[in-house]
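Text of start13.txt, listed as compact mmCIF, N, CA and C atoms:
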```
# COMPACT_ATOMS: atom_id res chain seq x y z
N MET A 1 88.82 96.99 118.77
CA MET A 1 90.20 97.38 118.70
C MET A 1 90.27 98.90 118.78
N ASN A 2 91.19 99.40 119.59
CA ASN A 2 91.29 100.85 119.74
C ASN A 2 92.07 101.47 118.57
N GLY A 3 92.05 102.77 118.49
CA GLY A 3 92.67 103.48 117.38
C GLY A 3 94.15 103.22 117.23
N GLN A 4 94.84 103.13 118.37
CA GLN A 4 96.29 102.90 118.33
C GLN A 4 96.59 101.51 117.77
N SER A 5 95.82 100.51 118.16
CA SER A 5 96.01 99.16 117.65
C SER A 5 95.70 99.10 116.16
N GLN A 6 94.66 99.81 115.74
CA GLN A 6 94.31 99.85 114.31
C GLN A 6 95.44 100.45 113.49
N ASP A 7 96.08 101.48 114.03
CA ASP A 7 97.21 102.10 113.34
C ASP A 7 98.36 101.12 113.19
N LYS A 8 98.64 100.35 114.25
CA LYS A 8 99.72 99.35 114.20
C LYS A 8 99.42 98.29 113.15
N VAL A 9 98.18 97.82 113.12
CA VAL A 9 97.79 96.81 112.14
C VAL A 9 97.93 97.37 110.73
N ARG A 10 97.46 98.57 110.51
CA ARG A 10 97.53 99.18 109.18
C ARG A 10 98.97 99.34 108.72
N LYS A 11 99.86 99.72 109.63
CA LYS A 11 101.28 99.86 109.27
C LYS A 11 101.88 98.52 108.89
N MET A 12 101.49 97.46 109.61
CA MET A 12 101.99 96.12 109.27
C MET A 12 101.45 95.68 107.91
N VAL A 13 100.18 95.94 107.66
CA VAL A 13 99.58 95.59 106.37
C VAL A 13 100.32 96.30 105.25
N ASP A 14 100.68 97.55 105.46
CA ASP A 14 101.39 98.32 104.45
C ASP A 14 102.76 97.73 104.12
N LEU A 15 103.35 96.98 105.05
CA LEU A 15 104.67 96.38 104.85
C LEU A 15 104.62 95.04 104.11
N LEU A 16 103.44 94.49 103.93
CA LEU A 16 103.30 93.20 103.26
C LEU A 16 103.53 93.33 101.76
N PRO A 17 103.91 92.20 101.12
CA PRO A 17 103.96 92.21 99.65
C PRO A 17 102.58 92.59 99.09
N GLU A 18 102.57 93.20 97.94
CA GLU A 18 101.33 93.75 97.38
C GLU A 18 100.20 92.72 97.26
N ASP A 19 100.52 91.50 96.81
CA ASP A 19 99.45 90.51 96.63
C ASP A 19 98.82 90.10 97.96
N GLN A 20 99.62 89.99 99.01
CA GLN A 20 99.09 89.66 100.33
C GLN A 20 98.31 90.82 100.91
N ARG A 21 98.85 92.01 100.75
CA ARG A 21 98.19 93.23 101.26
C ARG A 21 96.81 93.39 100.61
N GLU A 22 96.75 93.18 99.32
CA GLU A 22 95.49 93.34 98.59
C GLU A 22 94.40 92.40 99.11
N VAL A 23 94.76 91.13 99.33
CA VAL A 23 93.79 90.15 99.80
C VAL A 23 93.33 90.49 101.22
N ILE A 24 94.24 90.87 102.08
CA ILE A 24 93.87 91.21 103.46
C ILE A 24 92.94 92.42 103.49
N ILE A 25 93.24 93.42 102.69
CA ILE A 25 92.39 94.62 102.65
C ILE A 25 91.00 94.27 102.11
N LEU A 26 90.95 93.50 101.04
CA LEU A 26 89.65 93.15 100.47
C LEU A 26 88.84 92.28 101.42
N ARG A 27 89.50 91.41 102.16
CA ARG A 27 88.78 90.51 103.07
C ARG A 27 88.32 91.24 104.33
N HIS A 28 89.24 91.93 105.00
CA HIS A 28 88.92 92.50 106.31
C HIS A 28 88.33 93.90 106.27
N TYR A 29 88.71 94.68 105.29
CA TYR A 29 88.20 96.04 105.23
C TYR A 29 87.00 96.17 104.29
N ALA A 30 87.01 95.40 103.18
CA ALA A 30 85.89 95.46 102.24
C ALA A 30 84.89 94.33 102.50
N ASP A 31 85.25 93.39 103.37
CA ASP A 31 84.38 92.28 103.78
C ASP A 31 83.90 91.44 102.59
N LEU A 32 84.82 91.17 101.66
CA LEU A 32 84.50 90.36 100.50
C LEU A 32 84.80 88.89 100.77
N SER A 33 84.11 88.01 100.07
CA SER A 33 84.38 86.58 100.18
C SER A 33 85.65 86.25 99.39
N PHE A 34 86.22 85.08 99.64
CA PHE A 34 87.41 84.69 98.90
C PHE A 34 87.09 84.46 97.43
N LYS A 35 85.88 84.04 97.13
CA LYS A 35 85.46 83.88 95.74
C LYS A 35 85.44 85.24 95.04
N GLU A 36 84.92 86.26 95.72
CA GLU A 36 84.90 87.62 95.16
C GLU A 36 86.31 88.17 95.01
N ILE A 37 87.14 87.93 96.00
CA ILE A 37 88.54 88.39 95.95
C ILE A 37 89.26 87.74 94.78
N ALA A 38 89.04 86.44 94.59
CA ALA A 38 89.68 85.72 93.49
C ALA A 38 89.27 86.32 92.15
N SER A 39 88.01 86.66 92.02
CA SER A 39 87.52 87.27 90.78
C SER A 39 88.16 88.64 90.54
N ILE A 40 88.24 89.45 91.57
CA ILE A 40 88.82 90.80 91.46
C ILE A 40 90.31 90.75 91.14
N THR A 41 91.02 89.83 91.79
CA THR A 41 92.48 89.76 91.63
C THR A 41 92.90 88.83 90.49
N LYS A 42 91.91 88.22 89.84
CA LYS A 42 92.17 87.32 88.71
C LYS A 42 93.10 86.17 89.09
N CYS A 43 92.75 85.52 90.19
CA CYS A 43 93.48 84.34 90.63
C CYS A 43 92.45 83.32 91.12
N SER A 44 92.91 82.13 91.44
CA SER A 44 91.99 81.11 91.94
C SER A 44 91.63 81.40 93.40
N THR A 45 90.55 80.80 93.85
CA THR A 45 90.15 80.95 95.24
C THR A 45 91.24 80.42 96.17
N ASN A 46 91.85 79.30 95.79
CA ASN A 46 92.92 78.74 96.62
C ASN A 46 94.13 79.67 96.69
N THR A 47 94.43 80.36 95.61
CA THR A 47 95.54 81.32 95.62
C THR A 47 95.21 82.48 96.55
N ALA A 48 93.97 82.96 96.49
CA ALA A 48 93.56 84.04 97.39
C ALA A 48 93.67 83.60 98.85
N LEU A 49 93.23 82.38 99.13
CA LEU A 49 93.34 81.84 100.49
C LEU A 49 94.80 81.73 100.92
N GLY A 50 95.66 81.29 100.02
CA GLY A 50 97.08 81.17 100.33
C GLY A 50 97.72 82.52 100.60
N ARG A 51 97.34 83.51 99.82
CA ARG A 51 97.89 84.86 100.03
C ARG A 51 97.46 85.41 101.39
N MET A 52 96.23 85.14 101.76
CA MET A 52 95.73 85.55 103.08
C MET A 52 96.55 84.86 104.17
N ARG A 53 96.72 83.57 104.01
CA ARG A 53 97.46 82.78 105.01
C ARG A 53 98.87 83.33 105.18
N TYR A 54 99.58 83.52 104.07
CA TYR A 54 100.95 84.01 104.16
C TYR A 54 101.01 85.44 104.68
N GLY A 55 100.03 86.24 104.33
CA GLY A 55 99.97 87.61 104.86
C GLY A 55 99.83 87.61 106.37
N LEU A 56 98.95 86.76 106.89
CA LEU A 56 98.76 86.68 108.35
C LEU A 56 100.00 86.12 109.04
N ILE A 57 100.63 85.14 108.41
CA ILE A 57 101.88 84.59 108.96
C ILE A 57 102.94 85.69 109.03
N ASN A 58 103.06 86.47 107.95
CA ASN A 58 104.05 87.55 107.93
C ASN A 58 103.74 88.61 108.97
N MET A 59 102.47 88.93 109.16
CA MET A 59 102.11 89.91 110.19
C MET A 59 102.43 89.38 111.58
N ARG A 60 102.19 88.10 111.80
CA ARG A 60 102.52 87.49 113.09
C ARG A 60 104.02 87.57 113.35
N LYS A 61 104.83 87.30 112.31
CA LYS A 61 106.28 87.40 112.44
C LYS A 61 106.70 88.83 112.81
N MET A 62 106.05 89.80 112.18
CA MET A 62 106.37 91.20 112.47
C MET A 62 106.12 91.52 113.94
N THR A 63 105.01 91.03 114.48
CA THR A 63 104.70 91.33 115.88
C THR A 63 105.75 90.73 116.80
N LEU A 64 106.26 89.54 116.44
CA LEU A 64 107.27 88.90 117.27
C LEU A 64 108.63 89.57 117.12
N GLU A 65 109.02 89.85 115.88
CA GLU A 65 110.34 90.44 115.62
C GLU A 65 110.44 91.86 116.17
N LYS A 66 109.38 92.63 116.04
CA LYS A 66 109.41 94.02 116.47
C LYS A 66 108.79 94.21 117.85
N LYS A 67 108.39 93.09 118.46
CA LYS A 67 107.80 93.10 119.80
C LYS A 67 106.64 94.09 119.89
N ILE A 68 105.74 93.98 118.93
CA ILE A 68 104.56 94.85 118.90
C ILE A 68 103.48 94.22 119.78
N ALA A 69 102.99 94.99 120.72
CA ALA A 69 101.92 94.51 121.61
C ALA A 69 100.64 95.25 121.28
N PHE A 70 99.53 94.53 121.42
CA PHE A 70 98.22 95.13 121.15
C PHE A 70 97.42 95.24 122.42
```

Since I need it in another form, could you write the structure as structure tokens?
Amino acid sequence: MNGQSQDKVRKMVDLLPEDQREVIILRHYADLSFKEIASITKCSTNTALGRMRYGLINMRKMTLEKKIAF
């Protein structure tokens, strides 16, 4: 991914609710497992997975609504 695309992704991540943003950052930037993320965020593994899912869904909506191309 080029620098411009990384900037777009980071801006979208910044717009997510805090719980979703936290999981996405820990998973993709810190490369942690969902079990590790659950431990850090004090939630269940399934909750961490759900937050990731909803975060990605919200980012996908942003790309469609704002017509962001990568």

Quick one: pick out all alpha helix (DSSP H) residues within chain A from a backbone DSSP run and write them as a VMD selection string. chain A and resid 3 to 15 18 to 24 34 to 41 45 to 65

Pick out the residues sitting within 10 Å of Glu22 of chain A, and hand them over as a ChimeraX atom specification; count only C-alpha atoms, and ignore anything fewer than 4 positions along from it in its own chain. /A:13-14,16-18,26-27,37,41,48,51-52,55

Keeping only N, CA and C atoms, write those residues as a PDB file, keeping the file's coordinate frame.
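result28.pdb written:
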```pdb
ATOM      1  N   VAL A  13     100.180  95.940 107.660  1.00  0.00           N
ATOM      2  CA  VAL A  13      99.580  95.590 106.370  1.00  0.00           C
ATOM      3  C   VAL A  13     100.320  96.300 105.250  1.00  0.00           C
ATOM      4  N   ASP A  14     100.680  97.550 105.460  1.00  0.00           N
ATOM      5  CA  ASP A  14     101.390  98.320 104.450  1.00  0.00           C
ATOM      6  C   ASP A  14     102.760  97.730 104.120  1.00  0.00           C
ATOM      7  N   LEU A  16     103.440  94.490 103.930  1.00  0.00           N
ATOM      8  CA  LEU A  16     103.300  93.200 103.260  1.00  0.00           C
ATOM      9  C   LEU A  16     103.530  93.330 101.760  1.00  0.00           C
ATOM     10  N   PRO A  17     103.910  92.200 101.120  1.00  0.00           N
ATOM     11  CA  PRO A  17     103.960  92.210  99.650  1.00  0.00           C
ATOM     12  C   PRO A  17     102.580  92.590  99.090  1.00  0.00           C
ATOM     13  N   GLU A  18     102.570  93.200  97.940  1.00  0.00           N
ATOM     14  CA  GLU A  18     101.330  93.750  97.380  1.00  0.00           C
ATOM     15  C   GLU A  18     100.200  92.720  97.260  1.00  0.00           C
ATOM     16  N   LEU A  26      90.950  93.500 101.040  1.00  0.00           N
ATOM     17  CA  LEU A  26      89.650  93.150 100.470  1.00  0.00           C
ATOM     18  C   LEU A  26      88.840  92.280 101.420  1.00  0.00           C
ATOM     19  N   ARG A  27      89.500  91.410 102.160  1.00  0.00           N
ATOM     20  CA  ARG A  27      88.780  90.510 103.070  1.00  0.00           C
ATOM     21  C   ARG A  27      88.320  91.240 104.330  1.00  0.00           C
ATOM     22  N   ILE A  37      87.140  87.930  96.000  1.00  0.00           N
ATOM     23  CA  ILE A  37      88.540  88.390  95.950  1.00  0.00           C
ATOM     24  C   ILE A  37      89.260  87.740  94.780  1.00  0.00           C
ATOM     25  N   THR A  41      91.020  89.830  91.790  1.00  0.00           N
ATOM     26  CA  THR A  41      92.480  89.760  91.630  1.00  0.00           C
ATOM     27  C   THR A  41      92.900  88.830  90.490  1.00  0.00           C
ATOM     28  N   ALA A  48      93.970  82.960  96.490  1.00  0.00           N
ATOM     29  CA  ALA A  48      93.560  84.040  97.390  1.00  0.00           C
ATOM     30  C   ALA A  48      93.670  83.600  98.850  1.00  0.00           C
ATOM     31  N   ARG A  51      97.340  83.510  99.820  1.00  0.00           N
ATOM     32  CA  ARG A  51      97.890  84.860 100.030  1.00  0.00           C
ATOM     33  C   ARG A  51      97.460  85.410 101.390  1.00  0.00           C
ATOM     34  N   MET A  52      96.230  85.140 101.760  1.00  0.00           N
ATOM     35  CA  MET A  52      95.730  85.550 103.080  1.00  0.00           C
ATOM     36  C   MET A  52      96.550  84.860 104.170  1.00  0.00           C
ATOM     37  N   GLY A  55     100.030  86.240 104.330  1.00  0.00           N
ATOM     38  CA  GLY A  55      99.970  87.610 104.860  1.00  0.00           C
ATOM     39  C   GLY A  55      99.830  87.610 106.370  1.00  0.00           C
TER      40      GLY A  55
END
```

Length of the atom CA of Arg10 of chain A to atom CA of Leu49 of chain A vector [Å]: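 Interatomic distance here is 19.8 Å.
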
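Using only C-alpha atoms, the nearest neighbour of Cys43 of chain A within the list A:Val23, A:Ile68, A:Met59, A:Leu15 is A:Val23.
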
Residue neighbourhood Ser44 of chain A, 8 Å, only N, CA and C atoms, exclusion window fewer than 6 positions, as a list in words: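 Everything that qualifies: Phe34, Lys35, Ile37, Ala38 and Gly50 of chain A.
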
When you draw a straight line from atom CA of Ile57 of chain A to atom CA of Gln20 of chain A, how long is it in Å?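 According to the coordinates, atom CA of Ile57 of chain A and atom CA of Gln20 of chain A are separated by 10.4 Å.
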
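Note that the spacing between atom CA of Ser33 of chain A and atom CA of Thr47 of chain A amounts to 13.2 Å.
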
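Using all atoms listed in the file, the smallest distance between any of A:Ala30, A:Ile25, A:Met12, A:Ile40 and Asn58 of chain A comes from A:Met12.
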
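Closest approach to Arg60 of chain A from the set A:Val9, A:Gln4, A:Ser39, A:Asp19 is made by A:Val9, with distances taken over only C-alpha atoms.
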
Can you spit out segment 10-44 of chain A with N, CA, C and O atoms, as a PDB file, in the first residue's frame, from the structure just given?
```pdb
ATOM      1  N   ARG A  10      -5.697   5.419   7.698  1.00  0.00           N
ATOM      2  CA  ARG A  10      -5.499   5.934   9.056  1.00  0.00           C
ATOM      3  C   ARG A  10      -6.571   6.952   9.417  1.00  0.00           C
ATOM      4  O   ARG A  10      -7.085   6.962  10.538  1.00  0.00           O
ATOM      5  N   LYS A  11      -6.948   7.805   8.474  1.00  0.00           N
ATOM      6  CA  LYS A  11      -7.996   8.798   8.738  1.00  0.00           C
ATOM      7  C   LYS A  11      -9.332   8.116   8.995  1.00  0.00           C
ATOM      8  O   LYS A  11     -10.096   8.550   9.858  1.00  0.00           O
ATOM      9  N   MET A  12      -9.622   7.046   8.241  1.00  0.00           N
ATOM     10  CA  MET A  12     -10.869   6.306   8.463  1.00  0.00           C
ATOM     11  C   MET A  12     -10.846   5.619   9.825  1.00  0.00           C
ATOM     12  O   MET A  12     -11.845   5.616  10.534  1.00  0.00           O
ATOM     13  N   VAL A  13      -9.714   5.032  10.178  1.00  0.00           N
ATOM     14  CA  VAL A  13      -9.586   4.379  11.486  1.00  0.00           C
ATOM     15  C   VAL A  13      -9.830   5.398  12.590  1.00  0.00           C
ATOM     16  O   VAL A  13     -10.514   5.102  13.577  1.00  0.00           O
ATOM     17  N   ASP A  14      -9.318   6.597  12.433  1.00  0.00           N
ATOM     18  CA  ASP A  14      -9.492   7.646  13.437  1.00  0.00           C
ATOM     19  C   ASP A  14     -10.962   8.031  13.624  1.00  0.00           C
ATOM     20  O   ASP A  14     -11.338   8.522  14.691  1.00  0.00           O
ATOM     21  N   LEU A  15     -11.792   7.813  12.614  1.00  0.00           N
ATOM     22  CA  LEU A  15     -13.213   8.166  12.685  1.00  0.00           C
ATOM     23  C   LEU A  15     -14.075   7.079  13.343  1.00  0.00           C
ATOM     24  O   LEU A  15     -15.240   7.320  13.649  1.00  0.00           O
ATOM     25  N   LEU A  16     -13.512   5.916  13.570  1.00  0.00           N
ATOM     26  CA  LEU A  16     -14.265   4.810  14.169  1.00  0.00           C
ATOM     27  C   LEU A  16     -14.508   5.053  15.652  1.00  0.00           C
ATOM     28  O   LEU A  16     -13.745   5.766  16.310  1.00  0.00           O
ATOM     29  N   PRO A  17     -15.556   4.404  16.199  1.00  0.00           N
ATOM     30  CA  PRO A  17     -15.724   4.437  17.654  1.00  0.00           C
ATOM     31  C   PRO A  17     -14.471   3.872  18.332  1.00  0.00           C
ATOM     32  O   PRO A  17     -13.780   3.016  17.769  1.00  0.00           O
ATOM     33  N   GLU A  18     -14.195   4.343  19.517  1.00  0.00           N
ATOM     34  CA  GLU A  18     -12.944   3.998  20.200  1.00  0.00           C
ATOM     35  C   GLU A  18     -12.712   2.492  20.334  1.00  0.00           C
ATOM     36  O   GLU A  18     -11.603   2.012  20.098  1.00  0.00           O
ATOM     37  N   ASP A  19     -13.751   1.729  20.682  1.00  0.00           N
ATOM     38  CA  ASP A  19     -13.552   0.289  20.878  1.00  0.00           C
ATOM     39  C   ASP A  19     -13.182  -0.415  19.574  1.00  0.00           C
ATOM     40  O   ASP A  19     -12.326  -1.303  19.551  1.00  0.00           O
ATOM     41  N   GLN A  20     -13.778  -0.002  18.472  1.00  0.00           N
ATOM     42  CA  GLN A  20     -13.450  -0.586  17.175  1.00  0.00           C
ATOM     43  C   GLN A  20     -12.063  -0.154  16.721  1.00  0.00           C
ATOM     44  O   GLN A  20     -11.274  -0.964  16.231  1.00  0.00           O
ATOM     45  N   ARG A  21     -11.764   1.109  16.910  1.00  0.00           N
ATOM     46  CA  ARG A  21     -10.447   1.650  16.533  1.00  0.00           C
ATOM     47  C   ARG A  21      -9.333   0.922  17.281  1.00  0.00           C
ATOM     48  O   ARG A  21      -8.329   0.520  16.684  1.00  0.00           O
ATOM     49  N   GLU A  22      -9.534   0.710  18.562  1.00  0.00           N
ATOM     50  CA  GLU A  22      -8.527   0.053  19.389  1.00  0.00           C
ATOM     51  C   GLU A  22      -8.212  -1.359  18.889  1.00  0.00           C
ATOM     52  O   GLU A  22      -7.052  -1.737  18.750  1.00  0.00           O
ATOM     53  N   VAL A  23      -9.252  -2.126  18.572  1.00  0.00           N
ATOM     54  CA  VAL A  23      -9.052  -3.496  18.107  1.00  0.00           C
ATOM     55  C   VAL A  23      -8.350  -3.513  16.749  1.00  0.00           C
ATOM     56  O   VAL A  23      -7.423  -4.300  16.529  1.00  0.00           O
ATOM     57  N   ILE A  24      -8.745  -2.649  15.848  1.00  0.00           N
ATOM     58  CA  ILE A  24      -8.118  -2.610  14.526  1.00  0.00           C
ATOM     59  C   ILE A  24      -6.643  -2.230  14.641  1.00  0.00           C
ATOM     60  O   ILE A  24      -5.784  -2.835  14.001  1.00  0.00           O
ATOM     61  N   ILE A  25      -6.329  -1.266  15.477  1.00  0.00           N
ATOM     62  CA  ILE A  25      -4.933  -0.857  15.652  1.00  0.00           C
ATOM     63  C   ILE A  25      -4.114  -1.994  16.260  1.00  0.00           C
ATOM     64  O   ILE A  25      -3.013  -2.297  15.787  1.00  0.00           O
ATOM     65  N   LEU A  26      -4.652  -2.629  17.283  1.00  0.00           N
ATOM     66  CA  LEU A  26      -3.911  -3.720  17.920  1.00  0.00           C
ATOM     67  C   LEU A  26      -3.723  -4.903  16.985  1.00  0.00           C
ATOM     68  O   LEU A  26      -2.689  -5.571  17.007  1.00  0.00           O
ATOM     69  N   ARG A  27      -4.705  -5.172  16.148  1.00  0.00           N
ATOM     70  CA  ARG A  27      -4.612  -6.319  15.240  1.00  0.00           C
ATOM     71  C   ARG A  27      -3.688  -6.024  14.057  1.00  0.00           C
ATOM     72  O   ARG A  27      -2.801  -6.805  13.734  1.00  0.00           O
ATOM     73  N   HIS A  28      -3.913  -4.919  13.366  1.00  0.00           N
ATOM     74  CA  HIS A  28      -3.189  -4.664  12.119  1.00  0.00           C
ATOM     75  C   HIS A  28      -1.867  -3.929  12.292  1.00  0.00           C
ATOM     76  O   HIS A  28      -0.955  -4.133  11.501  1.00  0.00           O
ATOM     77  N   TYR A  29      -1.774  -3.086  13.290  1.00  0.00           N
ATOM     78  CA  TYR A  29      -0.536  -2.340  13.468  1.00  0.00           C
ATOM     79  C   TYR A  29       0.390  -2.993  14.494  1.00  0.00           C
ATOM     80  O   TYR A  29       1.599  -2.945  14.353  1.00  0.00           O
ATOM     81  N   ALA A  30      -0.197  -3.586  15.550  1.00  0.00           N
ATOM     82  CA  ALA A  30       0.622  -4.244  16.574  1.00  0.00           C
ATOM     83  C   ALA A  30       0.727  -5.750  16.315  1.00  0.00           C
ATOM     84  O   ALA A  30       1.472  -6.435  16.996  1.00  0.00           O
ATOM     85  N   ASP A  31      -0.054  -6.260  15.367  1.00  0.00           N
ATOM     86  CA  ASP A  31      -0.019  -7.667  14.959  1.00  0.00           C
ATOM     87  C   ASP A  31      -0.281  -8.623  16.125  1.00  0.00           C
ATOM     88  O   ASP A  31       0.364  -9.657  16.249  1.00  0.00           O
ATOM     89  N   LEU A  32      -1.252  -8.263  16.969  1.00  0.00           N
ATOM     90  CA  LEU A  32      -1.615  -9.108  18.096  1.00  0.00           C
ATOM     91  C   LEU A  32      -2.730 -10.067  17.715  1.00  0.00           C
ATOM     92  O   LEU A  32      -3.531  -9.778  16.814  1.00  0.00           O
ATOM     93  N   SER A  33      -2.806 -11.186  18.404  1.00  0.00           N
ATOM     94  CA  SER A  33      -3.890 -12.145  18.187  1.00  0.00           C
ATOM     95  C   SER A  33      -5.154 -11.612  18.866  1.00  0.00           C
ATOM     96  O   SER A  33      -5.096 -10.731  19.733  1.00  0.00           O
ATOM     97  N   PHE A  34      -6.302 -12.177  18.501  1.00  0.00           N
ATOM     98  CA  PHE A  34      -7.544 -11.743  19.129  1.00  0.00           C
ATOM     99  C   PHE A  34      -7.568 -12.128  20.607  1.00  0.00           C
ATOM    100  O   PHE A  34      -8.156 -11.422  21.430  1.00  0.00           O
ATOM    101  N   LYS A  35      -6.920 -13.206  20.963  1.00  0.00           N
ATOM    102  CA  LYS A  35      -6.819 -13.595  22.371  1.00  0.00           C
ATOM    103  C   LYS A  35      -6.027 -12.549  23.152  1.00  0.00           C
ATOM    104  O   LYS A  35      -6.415 -12.149  24.255  1.00  0.00           O
ATOM    105  N   GLU A  36      -4.922 -12.070  22.574  1.00  0.00           N
ATOM    106  CA  GLU A  36      -4.121 -11.023  23.214  1.00  0.00           C
ATOM    107  C   GLU A  36      -4.896  -9.715  23.299  1.00  0.00           C
ATOM    108  O   GLU A  36      -4.853  -9.014  24.325  1.00  0.00           O
ATOM    109  N   ILE A  37      -5.606  -9.383  22.235  1.00  0.00           N
ATOM    110  CA  ILE A  37      -6.410  -8.155  22.210  1.00  0.00           C
ATOM    111  C   ILE A  37      -7.492  -8.218  23.284  1.00  0.00           C
ATOM    112  O   ILE A  37      -7.726  -7.249  24.003  1.00  0.00           O
ATOM    113  N   ALA A  38      -8.140  -9.372  23.409  1.00  0.00           N
ATOM    114  CA  ALA A  38      -9.185  -9.540  24.417  1.00  0.00           C
ATOM    115  C   ALA A  38      -8.618  -9.332  25.821  1.00  0.00           C
ATOM    116  O   ALA A  38      -9.243  -8.688  26.668  1.00  0.00           O
ATOM    117  N   SER A  39      -7.441  -9.844  26.057  1.00  0.00           N
ATOM    118  CA  SER A  39      -6.802  -9.679  27.360  1.00  0.00           C
ATOM    119  C   SER A  39      -6.479  -8.210  27.639  1.00  0.00           C
ATOM    120  O   SER A  39      -6.741  -7.706  28.735  1.00  0.00           O
ATOM    121  N   ILE A  40      -5.936  -7.521  26.656  1.00  0.00           N
ATOM    122  CA  ILE A  40      -5.565  -6.102  26.814  1.00  0.00           C
ATOM    123  C   ILE A  40      -6.789  -5.220  27.020  1.00  0.00           C
ATOM    124  O   ILE A  40      -6.785  -4.312  27.857  1.00  0.00           O
ATOM    125  N   THR A  41      -7.847  -5.498  26.261  1.00  0.00           N
ATOM    126  CA  THR A  41      -9.046  -4.647  26.316  1.00  0.00           C
ATOM    127  C   THR A  41     -10.059  -5.118  27.356  1.00  0.00           C
ATOM    128  O   THR A  41     -11.127  -4.530  27.495  1.00  0.00           O
ATOM    129  N   LYS A  42      -9.726  -6.207  28.041  1.00  0.00           N
ATOM    130  CA  LYS A  42     -10.587  -6.755  29.094  1.00  0.00           C
ATOM    131  C   LYS A  42     -11.992  -7.079  28.577  1.00  0.00           C
ATOM    132  O   LYS A  42     -13.005  -6.665  29.149  1.00  0.00           O
ATOM    133  N   CYS A  43     -12.010  -7.803  27.467  1.00  0.00           N
ATOM    134  CA  CYS A  43     -13.271  -8.276  26.905  1.00  0.00           C
ATOM    135  C   CYS A  43     -13.057  -9.713  26.428  1.00  0.00           C
ATOM    136  O   CYS A  43     -11.936 -10.215  26.450  1.00  0.00           O
ATOM    137  N   SER A  44     -14.123 -10.357  26.005  1.00  0.00           N
ATOM    138  CA  SER A  44     -13.986 -11.726  25.510  1.00  0.00           C
ATOM    139  C   SER A  44     -13.389 -11.714  24.102  1.00  0.00           C
ATOM    140  O   SER A  44     -13.410 -10.689  23.406  1.00  0.00           O
TER     141      SER A  44
END
```
